[in-house]
>>> print(open('model_31.tsv').read())   # TSV, C-alpha atoms
chain	number	residue	atom	x	y	z
G	1	MET	CA	144.48	139.26	137.37
G	2	THR	CA	145.49	137.88	134.02
G	3	ASN	CA	148.54	140.07	133.60
G	4	ALA	CA	151.89	138.71	134.77
G	5	MET	CA	152.76	139.82	138.29
G	6	PRO	CA	155.92	141.91	138.75
G	7	GLU	CA	158.73	140.53	140.87
G	8	PRO	CA	158.27	141.00	144.64
G	9	VAL	CA	159.75	144.19	146.03
G	10	THR	CA	161.05	144.98	149.50
G	11	LEU	CA	159.61	147.83	151.53
G	12	PRO	CA	161.60	151.05	150.92
G	13	LEU	CA	162.41	153.24	153.91
G	14	SER	CA	164.88	155.84	152.65
G	15	ARG	CA	163.39	159.12	151.47
G	16	GLU	CA	164.87	161.28	148.73
G	17	GLU	CA	163.07	164.34	150.15
G	18	PRO	CA	162.35	164.81	153.86
G	19	PHE	CA	158.63	165.52	153.45
G	20	ASP	CA	157.84	162.94	150.75
G	21	PRO	CA	157.31	159.17	150.97
G	22	PRO	CA	160.07	157.01	149.42
G	23	GLY	CA	160.00	157.63	145.68
G	24	ASP	CA	159.61	153.96	144.76
G	25	LEU	CA	156.17	153.90	146.38
G	26	GLY	CA	154.79	156.49	144.00
G	27	ARG	CA	156.39	154.85	140.98
G	28	TRP	CA	154.94	151.48	141.93
G	29	ARG	CA	151.52	153.01	142.53
G	30	GLU	CA	151.53	154.26	138.93
G	31	GLU	CA	152.00	150.65	137.79
G	32	GLY	CA	149.17	149.30	139.93
G	33	PRO	CA	147.56	149.76	143.36
G	34	ILE	CA	148.88	146.45	144.72
G	35	ARG	CA	152.01	144.44	143.98
G	36	PRO	CA	153.84	141.43	145.45
G	37	MET	CA	156.22	142.15	148.31
G	38	LEU	CA	158.94	140.08	149.98
G	39	TYR	CA	158.75	140.12	153.78
G	40	ALA	CA	161.63	139.78	156.23
G	41	ASP	CA	160.72	136.14	156.99
G	42	ASP	CA	160.73	135.28	153.24
G	43	HIS	CA	156.93	135.35	153.08
G	44	VAL	CA	155.72	136.66	149.72
G	45	GLY	CA	152.76	138.88	150.43
G	46	TRP	CA	151.59	142.22	149.14
G	47	LEU	CA	152.20	145.97	149.24
G	48	ALA	CA	149.22	148.28	148.69
G	49	THR	CA	149.97	151.83	147.54
G	50	GLY	CA	146.71	152.95	145.89
G	51	TYR	CA	144.22	154.93	147.98
G	52	SER	CA	141.19	152.79	147.13
G	53	ALA	CA	143.08	149.53	147.75
G	54	VAL	CA	144.46	150.65	151.12
G	55	ARG	CA	141.07	151.92	152.26
G	56	ALA	CA	139.34	148.75	151.11
G	57	VAL	CA	141.68	146.48	153.09
G	58	LEU	CA	141.35	148.62	156.23
G	59	ALA	CA	137.56	148.40	156.02
G	60	ASP	CA	137.37	144.67	155.22
G	61	PRO	CA	136.68	142.29	158.16
G	62	ARG	CA	138.32	139.49	156.18
G	63	PHE	CA	141.69	141.04	157.06
G	64	SER	CA	143.18	140.53	160.51
G	65	ALA	CA	145.33	142.82	162.63
G	66	GLU	CA	146.21	140.11	165.15
G	67	THR	CA	149.92	139.93	165.88
G	68	PRO	CA	150.43	136.16	165.43
G	69	ARG	CA	149.01	136.31	161.89
G	70	LEU	CA	151.22	139.16	160.65
G	71	HIS	CA	154.47	138.77	158.75
G	72	PRO	CA	157.17	141.39	159.41
G	73	PRO	CA	157.81	143.68	156.43
G	74	ILE	CA	161.31	144.47	157.71
G	75	SER	CA	163.47	142.49	160.11
G	76	GLN	CA	163.27	145.08	162.87
G	77	ARG	CA	159.48	144.86	162.85
G	78	ALA	CA	159.51	141.28	164.11
G	79	ARG	CA	160.44	142.34	167.63
G	80	VAL	CA	157.66	144.96	167.71
G	81	GLN	CA	155.10	142.34	166.75
G	82	THR	CA	156.40	140.00	169.44
G	83	LEU	CA	156.11	142.72	172.06
G	84	ALA	CA	152.61	143.70	170.95
G	85	LYS	CA	151.18	140.43	172.31
G	86	LEU	CA	150.67	142.26	175.59
G	87	PRO	CA	147.07	141.87	176.89
G	88	GLY	CA	145.18	145.10	176.38
G	89	PHE	CA	147.31	146.19	173.41
G	90	PHE	CA	144.08	146.27	171.45
G	91	ILE	CA	145.53	147.74	168.27
G	92	ARG	CA	146.72	144.19	167.60
G	93	GLU	CA	143.39	142.51	168.28
G	94	ASP	CA	140.42	141.67	166.03
G	95	PRO	CA	136.75	141.84	167.00
G	96	PRO	CA	135.26	140.82	169.36
G	97	GLU	CA	138.30	141.35	171.63
G	98	HIS	CA	139.17	144.63	169.97
G	99	THR	CA	135.54	145.72	170.25
G	100	ARG	CA	135.55	145.06	174.00
G	101	PHE	CA	138.37	147.55	174.61
G	102	ARG	CA	137.13	150.03	172.03
G	103	ARG	CA	133.70	150.13	173.68
G	104	LEU	CA	135.21	150.88	177.09
G	105	LEU	CA	137.41	153.67	175.73
G	106	THR	CA	135.25	155.38	173.14
G	107	GLY	CA	133.41	157.44	175.73
G	108	GLN	CA	136.72	158.89	176.92
G	109	PHE	CA	137.54	160.29	173.46
G	110	THR	CA	134.25	161.75	172.22
G	111	VAL	CA	134.37	164.99	170.24
G	112	ARG	CA	132.45	166.68	173.06
G	113	ARG	CA	134.91	165.61	175.73
G	114	MET	CA	137.89	166.57	173.59
G	115	ARG	CA	136.42	170.04	173.08
G	116	GLN	CA	136.05	170.38	176.82
G	117	LEU	CA	139.81	169.94	177.01
G	118	GLU	CA	140.51	172.86	174.67
G	119	PRO	CA	140.99	175.52	177.38
G	120	ARG	CA	143.48	173.27	179.16
G	121	ILE	CA	145.36	172.54	175.91
G	122	GLU	CA	145.46	176.27	175.16
G	123	LYS	CA	146.94	176.91	178.63
G	124	ILE	CA	149.53	174.14	178.23
G	125	THR	CA	150.49	175.52	174.81
G	126	ALA	CA	150.85	179.08	176.11
G	127	ASP	CA	152.96	177.86	179.04
G	128	ARG	CA	155.29	175.97	176.70
G	129	LEU	CA	155.67	179.03	174.48
G	130	ASP	CA	156.52	181.10	177.56
G	131	ALA	CA	159.11	178.54	178.59
G	132	MET	CA	160.56	178.41	175.08
G	133	GLU	CA	160.87	182.19	175.01
G	134	GLN	CA	162.65	182.12	178.36
G	135	VAL	CA	165.11	179.49	177.10
G	136	GLY	CA	165.88	181.81	174.22
G	137	ALA	CA	167.07	181.20	170.71
G	138	PRO	CA	168.29	178.90	169.41
G	139	ALA	CA	165.92	176.35	170.94
G	140	ASP	CA	165.06	172.78	170.04
G	141	LEU	CA	161.41	172.90	169.01
G	142	VAL	CA	160.99	169.20	169.76
G	143	ARG	CA	162.20	169.40	173.35
G	144	GLU	CA	160.69	172.79	174.22
G	145	PHE	CA	157.37	172.66	172.39
G	146	ALA	CA	156.35	169.71	170.22
G	147	LEU	CA	156.98	166.91	172.71
G	148	PRO	CA	155.84	168.50	176.00
G	149	ILE	CA	152.38	169.56	174.78
G	150	PRO	CA	150.93	166.13	173.85
G	151	SER	CA	152.87	164.49	176.67
G	152	LEU	CA	151.31	166.78	179.26
G	153	VAL	CA	147.85	166.32	177.76
G	154	ILE	CA	147.94	162.52	177.58
G	155	CYS	CA	149.44	162.32	181.09
G	156	GLU	CA	146.57	164.38	182.49
G	157	LEU	CA	144.01	162.36	180.55
G	158	LEU	CA	145.40	159.00	181.69
G	159	GLY	CA	146.35	160.06	185.20
G	160	VAL	CA	150.10	159.56	184.72
G	161	PRO	CA	152.42	161.96	186.60
G	162	TYR	CA	154.18	164.19	184.06
G	163	ASP	CA	157.21	164.28	186.36
G	164	ASP	CA	157.91	160.78	185.08
G	165	HIS	CA	157.92	161.87	181.41
G	166	ASP	CA	161.66	161.39	180.90
G	167	ARG	CA	161.24	157.78	181.95
G	168	PHE	CA	158.36	156.81	179.67
G	169	GLN	CA	159.61	158.90	176.74
G	170	ARG	CA	162.95	157.10	176.90
G	171	ASP	CA	161.25	153.71	176.85
G	172	SER	CA	158.86	154.81	174.08
G	173	THR	CA	161.80	155.89	171.94
G	174	THR	CA	163.49	152.53	172.44
G	175	LEU	CA	160.30	150.69	171.47
G	176	LEU	CA	159.78	152.71	168.29
G	177	SER	CA	163.41	152.67	167.17
G	178	LEU	CA	164.07	150.34	164.25
G	179	GLU	CA	167.61	149.99	165.56
G	180	SER	CA	166.71	148.57	168.99
G	181	SER	CA	167.49	144.92	169.63
G	182	ILE	CA	164.78	142.52	170.75
G	183	GLU	CA	166.29	142.58	174.23
G	184	GLN	CA	166.30	146.39	174.37
G	185	ALA	CA	162.74	146.64	173.13
G	186	LYS	CA	161.51	143.95	175.52
G	187	GLY	CA	163.20	145.73	178.40
G	188	ALA	CA	161.54	149.01	177.44
G	189	MET	CA	158.10	147.39	177.21
G	190	ASP	CA	158.59	145.63	180.55
G	191	ASN	CA	159.55	148.96	182.12
G	192	LEU	CA	156.44	150.66	180.80
G	193	VAL	CA	154.12	147.85	181.86
G	194	ASP	CA	155.62	147.63	185.34
G	195	TYR	CA	155.33	151.40	185.72
G	196	ILE	CA	151.66	151.53	184.68
G	197	ARG	CA	150.76	148.47	186.75
G	198	GLY	CA	152.18	150.27	189.76
G	199	LEU	CA	149.89	153.21	189.00
G	200	VAL	CA	146.91	150.90	188.61
G	201	THR	CA	147.60	149.43	192.05
G	202	LEU	CA	147.73	152.93	193.56
G	203	LYS	CA	144.56	154.02	191.78
G	204	ARG	CA	142.63	150.96	192.94
G	205	ALA	CA	143.32	152.15	196.49
G	206	GLU	CA	142.67	155.82	195.68
G	207	PRO	CA	140.54	156.17	192.52
G	208	GLY	CA	141.00	159.33	190.46
G	209	ASP	CA	138.97	161.14	187.84
G	210	ASP	CA	141.12	160.03	184.94
G	211	LEU	CA	141.12	157.43	182.20
G	212	ILE	CA	142.96	154.73	184.15
G	213	GLY	CA	140.59	155.28	187.06
G	214	GLY	CA	137.67	155.02	184.66
G	215	LEU	CA	138.90	151.69	183.30
G	216	ILE	CA	139.29	150.37	186.84
G	217	ALA	CA	135.77	151.50	187.68
G	218	THR	CA	134.25	149.41	184.86
G	219	GLY	CA	135.29	146.24	186.66
G	220	GLU	CA	135.68	144.57	183.25
G	221	LEU	CA	139.47	144.55	182.87
G	222	THR	CA	142.36	142.93	184.72
G	223	ASP	CA	145.30	145.00	185.87
G	224	ILE	CA	147.50	143.74	183.03
G	225	GLU	CA	144.78	144.59	180.47
G	226	ILE	CA	144.47	148.10	181.89
G	227	ALA	CA	148.26	148.43	181.81
G	228	GLY	CA	148.47	147.22	178.20
G	229	ALA	CA	145.75	149.58	176.98
G	230	SER	CA	147.29	152.47	178.92
G	231	VAL	CA	150.77	151.83	177.57
G	232	LEU	CA	149.36	151.87	174.04
G	233	MET	CA	147.57	155.17	174.64
G	234	LEU	CA	150.54	156.70	176.42
G	235	ILE	CA	152.89	155.93	173.53
G	236	ALA	CA	150.43	156.82	170.77
G	237	GLY	CA	149.18	159.89	172.61
G	238	HIS	CA	152.50	161.70	172.69
G	239	GLU	CA	154.70	160.23	169.95
G	240	THR	CA	152.39	160.82	167.00
G	241	THR	CA	151.24	164.36	167.77
G	242	ALA	CA	154.71	165.44	168.90
G	243	ASN	CA	156.17	164.39	165.57
G	244	MET	CA	153.36	166.06	163.64
G	245	LEU	CA	153.88	169.34	165.51
G	246	ALA	CA	157.62	169.31	164.84
G	247	LEU	CA	157.62	167.97	161.29
G	248	GLY	CA	154.63	170.12	160.37
G	249	THR	CA	156.45	173.23	161.60
G	250	TYR	CA	159.53	172.27	159.60
G	251	THR	CA	157.34	171.81	156.52
G	252	LEU	CA	155.76	175.24	156.98
G	253	LEU	CA	159.18	176.84	157.41
G	254	LYS	CA	160.06	175.37	154.02
G	255	ASN	CA	156.82	176.75	152.57
G	256	PRO	CA	156.81	180.37	153.78
G	257	ALA	CA	153.71	181.44	151.86
G	258	GLN	CA	151.71	178.63	153.50
G	259	LEU	CA	153.19	179.53	156.90
G	260	ALA	CA	152.21	183.19	156.51
G	261	ALA	CA	148.69	182.25	155.45
G	262	LEU	CA	148.15	180.08	158.53
G	263	ARG	CA	149.73	182.62	160.87
G	264	ASP	CA	147.59	185.47	159.55
G	265	ASP	CA	144.28	183.66	159.07
G	266	PRO	CA	143.12	181.56	162.06
G	267	SER	CA	140.19	180.24	160.03
G	268	LEU	CA	142.66	178.10	158.05
G	269	ALA	CA	143.69	176.07	161.11
G	270	ASP	CA	141.33	173.15	160.46
G	271	SER	CA	142.18	172.72	156.78
G	272	ALA	CA	145.90	173.24	157.50
G	273	VAL	CA	145.91	170.43	160.05
G	274	GLU	CA	144.16	168.02	157.68
G	275	GLU	CA	146.49	168.91	154.82
G	276	LEU	CA	149.63	168.51	156.93
G	277	LEU	CA	148.34	165.15	158.16
G	278	ARG	CA	147.77	164.04	154.56
G	279	TYR	CA	150.94	165.51	153.13
G	280	LEU	CA	153.31	164.17	155.79
G	281	THR	CA	151.70	160.86	156.87
G	282	ILE	CA	154.12	160.09	159.69
G	283	VAL	CA	153.24	156.38	160.01
G	284	HIS	CA	156.49	155.15	158.47
G	285	ILE	CA	155.75	151.41	158.25
G	286	GLY	CA	152.41	149.70	157.79
G	287	PRO	CA	149.82	149.10	159.06
G	288	ILE	CA	149.81	145.41	158.17
G	289	ARG	CA	146.86	143.09	157.69
G	290	THR	CA	146.61	139.37	156.92
G	291	ALA	CA	143.80	137.77	154.95
G	292	LEU	CA	141.65	135.35	156.94
G	293	GLU	CA	140.20	133.98	153.71
G	294	ASP	CA	140.73	134.58	150.00
G	295	ALA	CA	139.71	138.16	149.23
G	296	GLU	CA	139.66	140.17	146.03
G	297	ILE	CA	140.88	143.76	146.31
G	298	GLU	CA	140.97	145.99	143.23
G	299	GLY	CA	141.01	142.89	141.04
G	300	TYR	CA	143.88	141.23	142.91
G	301	THR	CA	143.28	138.02	144.83
G	302	ILE	CA	144.86	138.06	148.29
G	303	LYS	CA	144.95	134.47	149.49
G	304	ALA	CA	144.21	133.38	153.04
G	305	GLY	CA	147.33	133.76	155.19
G	306	GLU	CA	148.97	136.38	152.98
G	307	SER	CA	149.96	139.67	154.61
G	308	VAL	CA	149.39	143.08	153.06
G	309	THR	CA	151.49	146.09	154.04
G	310	LEU	CA	149.45	149.25	153.58
G	311	SER	CA	151.40	152.36	152.62
G	312	LEU	CA	149.38	155.22	154.06
G	313	GLY	CA	151.90	157.72	152.71
G	314	ALA	CA	151.55	156.50	149.14
G	315	ALA	CA	147.76	156.33	149.45
G	316	ASN	CA	147.59	159.91	150.69
G	317	ARG	CA	149.59	161.04	147.65
G	318	ASP	CA	147.40	159.16	145.16
G	319	PRO	CA	146.44	161.56	142.32
G	320	GLY	CA	143.31	159.49	141.80
G	321	ARG	CA	142.05	160.77	145.16
G	322	PHE	CA	143.79	164.13	145.71
G	323	GLU	CA	144.50	166.69	142.99
G	324	SER	CA	148.18	167.71	142.76
G	325	PRO	CA	148.90	165.48	145.79
G	326	ASP	CA	152.61	166.33	146.00
G	327	THR	CA	151.82	170.02	146.55
G	328	LEU	CA	151.21	171.34	150.06
G	329	ASP	CA	148.05	173.45	150.03
G	330	ILE	CA	146.63	174.34	153.44
G	331	THR	CA	143.41	175.61	151.82
G	332	ARG	CA	142.74	172.14	150.39
G	333	GLN	CA	139.82	170.13	151.75
G	334	ALA	CA	141.94	167.08	152.57
G	335	THR	CA	139.28	165.22	154.52
G	336	GLY	CA	139.23	161.53	153.70
G	337	HIS	CA	142.98	161.08	154.12
G	338	LEU	CA	144.10	157.85	155.76
G	339	SER	CA	146.65	159.20	158.24
G	340	PHE	CA	144.49	158.03	161.16
G	341	GLY	CA	143.69	154.77	159.40
G	342	HIS	CA	140.19	153.65	158.49
G	343	GLY	CA	137.62	151.12	159.64
G	344	VAL	CA	137.33	149.62	163.11
G	345	HIS	CA	140.97	150.39	163.94
G	346	GLN	CA	140.81	154.07	163.03
G	347	CYS	CA	142.78	156.06	165.61
G	348	LEU	CA	140.80	156.46	168.82
G	349	GLY	CA	142.55	159.70	169.78
G	350	GLN	CA	142.35	161.45	166.41
G	351	GLN	CA	140.15	164.30	167.66
G	352	LEU	CA	142.55	165.02	170.51
G	353	ALA	CA	145.48	165.10	168.07
G	354	ARG	CA	143.59	167.48	165.78
G	355	ILE	CA	142.84	169.87	168.63
G	356	GLU	CA	146.46	169.89	169.82
G	357	MET	CA	147.66	170.73	166.30
G	358	ARG	CA	144.87	173.21	165.59
G	359	ILE	CA	145.86	175.11	168.73
G	360	GLY	CA	149.60	174.50	168.55
G	361	TYR	CA	150.57	175.59	165.04
G	362	PRO	CA	148.88	179.03	164.98
G	363	ALA	CA	149.92	179.82	168.56
G	364	LEU	CA	153.56	179.05	167.76
G	365	LEU	CA	153.55	181.10	164.56
G	366	ARG	CA	151.83	184.09	166.16
G	367	ARG	CA	154.14	184.10	169.18
G	368	PHE	CA	157.24	183.88	167.01
G	369	PRO	CA	156.40	185.50	163.64
G	370	GLY	CA	160.08	185.45	162.72
G	371	LEU	CA	160.48	181.73	163.38
G	372	ARG	CA	163.23	180.18	161.28
G	373	LEU	CA	165.61	177.25	161.20
G	374	ALA	CA	168.72	177.77	163.30
G	375	THR	CA	170.74	175.07	161.55
G	376	PRO	CA	171.46	174.13	157.92
G	377	GLU	CA	168.75	171.91	156.45
G	378	GLU	CA	171.18	169.07	155.87
G	379	GLU	CA	171.85	168.96	159.63
G	380	VAL	CA	168.20	168.43	160.60
G	381	ALA	CA	168.08	164.88	161.98
G	382	MET	CA	165.14	163.02	160.40
G	383	ARG	CA	163.53	160.02	162.11
G	384	SER	CA	164.12	157.58	159.25
G	385	ASN	CA	165.17	155.01	161.85
G	386	MET	CA	161.86	155.13	163.72
G	387	ALA	CA	158.44	153.55	163.18
G	388	ILE	CA	156.93	157.05	163.47
G	389	TYR	CA	158.55	159.55	161.10
G	390	GLY	CA	159.48	163.09	162.04
G	391	VAL	CA	162.54	164.95	163.28
G	392	HIS	CA	164.73	164.03	166.23
G	393	ARG	CA	165.57	167.71	166.86
G	394	LEU	CA	164.60	170.96	165.20
G	395	PRO	CA	166.79	173.93	166.22
G	396	VAL	CA	164.91	177.18	165.63
G	397	ALA	CA	165.42	180.89	166.21
G	398	TRP	CA	163.11	183.91	165.98
>>> encode(input="model_31.tsv", output="structure tokens")
Amino acid sequence: MTNAMPEPVTLPLSREEPFDPPGDLGRWREEGPIRPMLYADDHVGWLATGYSAVRAVLADPRFSAETPRLHPPISQRARVQTLAKLPGFFIREDPPEHTRFRRLLTGQFTVRRMRQLEPRIEKITADRLDAMEQVGAPADLVREFALPIPSLVICELLGVPYDDHDRFQRDSTTLLSLESSIEQAKGAMDNLVDYIRGLVTLKRAEPGDDLIGGLIATGELTDIEIAGASVLMLIAGHETTANMLALGTYTLLKNPAQLAALRDDPSLADSAVEELLRYLTIVHIGPIRTALEDAEIEGYTIKAGESVTLSLGAANRDPGRFESPDTLDITRQATGHLSFGHGVHQCLGQQLARIEMRIGYPALLRRFPGLRLATPEEEVAMRSNMAIYGVHRLPVAW
């Protein structure tokens, strides 16, 4: 680029509106799709906010996802990157190592297999709605509905006893909190790994028809690799969808015409899920990539060794890709959003998440047509202090 580069910025985290990305991201995107950014370790790298730029980096094999190469965009991120060196935590690996794990797991998450799970997900959803009705209003939608559904599903898929959910959810929360110390986060990760390794030992003696049992049966992974991959799927499998179910419901409550349309027209479920995924983009920080060699993206030269933080939220609100992107429209064809990433690291469990939301939102709204907030909006606790955005609690009545 021949134009003078703007001064490096720091990654903004505070949001002026609960459902919108930090305002600076959109303002910077208007100035250019990529700009210099100052990282927590004083590295001067880049921040990508434009849709085409973010998508291009995610698809480019010249950019690495390996933990040792990444610079932390905020100080709290450094401990997460340190912890993610766990064998089997393949989200932080490049090909061919990443490919090895992806190949073993892809068959577990095919569209066909996910659709076979639909009756079970419908039953779990109905049971949670029954339980929520029995608790009575006001009820915390997170605790009674949004968190149990994906937790139960991923536990059944992996072969993890749901009775232990308090334990792994507590450790997951500690890991994802931007306020946890290195020691706290390390302790949480150690707890999760030790717990899963214990299950692996049991399943080697008594194999089960579940994902952990399937990984054991391949004979290609060590116990620690199986534990690392399982911890990743356990965390990702319940944290992301749980926060989408809760935050998506809150968003619909704030947009009553959209809520009524989804409640009354089941055919809108697919487009509503895609639009909520685009509109909310709950990945709060990153992903991050580091250039393995000099690479030109959108006319900007990213030099070897420089990290790029990719703002999925800003990319999904890019008016160059989505018309009126700051408006929630559940009839929009929002396919092509980047909420599940793009390229070789695109979310492995995205079809499962879609099914859980496609079943969950309409079922909730039909069961409780009078659903409403049971607390003032200013008292809704947002997850601004977490790597995955959402709400900590959502008191509702009906």
>>> atom_distance(input="model_31.tsv", atom1="atom CA of Val231 of chain G", atom2="atom CA of Thr201 of chain G")
15.0 Å
>>> residues_around(input="model_31.tsv", residues="Val396 of chain G", least_positions_apart="2", cutoff="6 Å", atoms="only C-alpha atoms", output="list in words")
Pro138, Ala139, Arg372, Leu373 and Ala374 of chain G
>>> closest_residue(input="model_31.tsv", among="G:Gly32, G:Pro150, G:Pro68, G:Pro87", to="Arg120 of chain G", atoms="all atoms listed in the file")
G:Pro150
>>> residues_around(input="model_31.tsv", residues="Ile297 of chain G", least_positions_apart="4", cutoff="12 Å", atoms="only C-alpha atoms", output="PyMOL selection string")
chain G and resi 1+32-35+46-48+50-60+62-63+291+301-303+308
>>> closest_residue(input="model_31.tsv", among="G:Ile235, G:Leu13, G:Met357, G:Lys203", to="Gln169 of chain G", atoms="all atoms listed in the file")
G:Ile235
>>> residues_around(input="model_31.tsv", residues="Arg204 of chain G", least_positions_apart="3", cutoff="8 Å", atoms="only C-alpha atoms", output="VMD selection string")
chain G and resid 200 to 201 207 213 216
>>> residues_around(input="model_31.tsv", residues="Pro266 of chain G", least_positions_apart="3", cutoff="12 Å", atoms="only C-alpha atoms", output="PyMOL selection string")
chain G and resi 259-263+269-273+330-331+358-363+365-366
>>> closest_residue(input="model_31.tsv", among="G:Gln134, G:Ser230, G:Thr106, G:Thr309", to="Leu38 of chain G", atoms="all atoms listed in the file")
G:Thr309
>>> closest_residue(input="model_31.tsv", among="G:Glu93, G:Glu17, G:Asp265, G:Asp209", to="Ala229 of chain G", atoms="only C-alpha atoms")
G:Glu93
>>> atom_distance(input="model_31.tsv", atom1="atom CA of Leu129 of chain G", atom2="atom CA of Met233 of chain G")
25.2 Å
>>> closest_residue(input="model_31.tsv", among="G:Ala137, G:Ile282, G:Val9, G:Leu234", to="Phe368 of chain G", atoms="only C-alpha atoms")
G:Ala137
>>> residues_around(input="model_31.tsv", residues="Arg115 of chain G", least_positions_apart="2", cutoff="12 Å", atoms="all atoms listed in the file", output="VMD selection string")
chain G and resid 108 to 113 117 to 122 351 to 356 358 to 359
>>> decode(input="model_31.tsv", residues="segment 96-102 of chain G", atoms="all heavy atoms", output="mmCIF file, in the first residue's frame")
data_model
loop_
_atom_site.group_PDB
_atom_site.id
_atom_site.type_symbol
_atom_site.label_atom_id
_atom_site.label_comp_id
_atom_site.auth_asym_id
_atom_site.auth_seq_id
_atom_site.Cartn_x
_atom_site.Cartn_y
_atom_site.Cartn_z
ATOM 1 N N PRO G 96 0.087 -31.046 8.468
ATOM 2 C CA PRO G 96 -0.746 -32.248 8.384
ATOM 3 C C PRO G 96 -1.283 -32.737 9.733
ATOM 4 O O PRO G 96 -2.126 -33.624 9.755
ATOM 5 C CB PRO G 96 0.212 -33.273 7.788
ATOM 6 C CG PRO G 96 1.550 -32.872 8.319
ATOM 7 C CD PRO G 96 1.537 -31.369 8.374
ATOM 8 N N GLU G 97 -0.802 -32.187 10.854
ATOM 9 C CA GLU G 97 -1.261 -32.670 12.157
ATOM 10 C C GLU G 97 -2.753 -32.396 12.333
ATOM 11 O O GLU G 97 -3.511 -33.267 12.790
ATOM 12 C CB GLU G 97 -0.454 -32.007 13.275
ATOM 13 C CG GLU G 97 -0.706 -32.582 14.652
ATOM 14 C CD GLU G 97 -0.222 -34.015 14.832
ATOM 15 O OE1 GLU G 97 0.386 -34.583 13.900
ATOM 16 O OE2 GLU G 97 -0.465 -34.581 15.911
ATOM 17 N N HIS G 98 -3.181 -31.211 11.972
ATOM 18 C CA HIS G 98 -4.597 -30.881 12.058
ATOM 19 C C HIS G 98 -5.422 -31.831 11.190
ATOM 20 O O HIS G 98 -6.487 -32.314 11.594
ATOM 21 C CB HIS G 98 -4.824 -29.432 11.613
ATOM 22 C CG HIS G 98 -6.264 -29.062 11.460
ATOM 23 N ND1 HIS G 98 -6.938 -29.162 10.257
ATOM 24 C CD2 HIS G 98 -7.177 -28.609 12.354
ATOM 25 C CE1 HIS G 98 -8.195 -28.773 10.419
ATOM 26 N NE2 HIS G 98 -8.358 -28.431 11.681
ATOM 27 N N THR G 99 -4.918 -32.124 10.009
ATOM 28 C CA THR G 99 -5.628 -33.002 9.070
ATOM 29 C C THR G 99 -5.812 -34.399 9.661
ATOM 30 O O THR G 99 -6.843 -35.046 9.443
ATOM 31 C CB THR G 99 -4.855 -33.088 7.741
ATOM 32 O OG1 THR G 99 -4.562 -31.764 7.290
ATOM 33 C CG2 THR G 99 -5.650 -33.830 6.691
ATOM 34 N N ARG G 100 -4.814 -34.860 10.397
ATOM 35 C CA ARG G 100 -4.885 -36.201 10.998
ATOM 36 C C ARG G 100 -6.090 -36.307 11.941
ATOM 37 O O ARG G 100 -6.855 -37.283 11.885
ATOM 38 C CB ARG G 100 -3.586 -36.490 11.746
ATOM 39 C CG ARG G 100 -3.527 -37.859 12.403
ATOM 40 C CD ARG G 100 -2.110 -38.172 12.862
ATOM 41 N NE ARG G 100 -1.703 -37.375 13.998
ATOM 42 C CZ ARG G 100 -1.714 -37.818 15.267
ATOM 43 N NH1 ARG G 100 -2.126 -39.054 15.532
ATOM 44 N NH2 ARG G 100 -1.311 -37.055 16.249
ATOM 45 N N PHE G 101 -6.260 -35.325 12.794
ATOM 46 C CA PHE G 101 -7.395 -35.351 13.728
ATOM 47 C C PHE G 101 -8.708 -35.108 13.000
ATOM 48 O O PHE G 101 -9.726 -35.763 13.276
ATOM 49 C CB PHE G 101 -7.197 -34.304 14.826
ATOM 50 C CG PHE G 101 -6.180 -34.699 15.845
ATOM 51 C CD1 PHE G 101 -4.866 -34.309 15.718
ATOM 52 C CD2 PHE G 101 -6.531 -35.471 16.936
ATOM 53 C CE1 PHE G 101 -3.911 -34.685 16.658
ATOM 54 C CE2 PHE G 101 -5.601 -35.847 17.883
ATOM 55 C CZ PHE G 101 -4.274 -35.455 17.730
ATOM 56 N N ARG G 102 -8.693 -34.163 12.079
ATOM 57 C CA ARG G 102 -9.921 -33.834 11.344
ATOM 58 C C ARG G 102 -10.443 -35.059 10.590
ATOM 59 O O ARG G 102 -11.651 -35.320 10.566
ATOM 60 C CB ARG G 102 -9.602 -32.696 10.373
ATOM 61 C CG ARG G 102 -10.818 -32.095 9.701
ATOM 62 C CD ARG G 102 -11.351 -30.946 10.509
ATOM 63 N NE ARG G 102 -12.515 -30.357 9.861
ATOM 64 C CZ ARG G 102 -13.052 -29.215 10.228
ATOM 65 N NH1 ARG G 102 -12.559 -28.526 11.240
ATOM 66 N NH2 ARG G 102 -14.107 -28.732 9.619
#
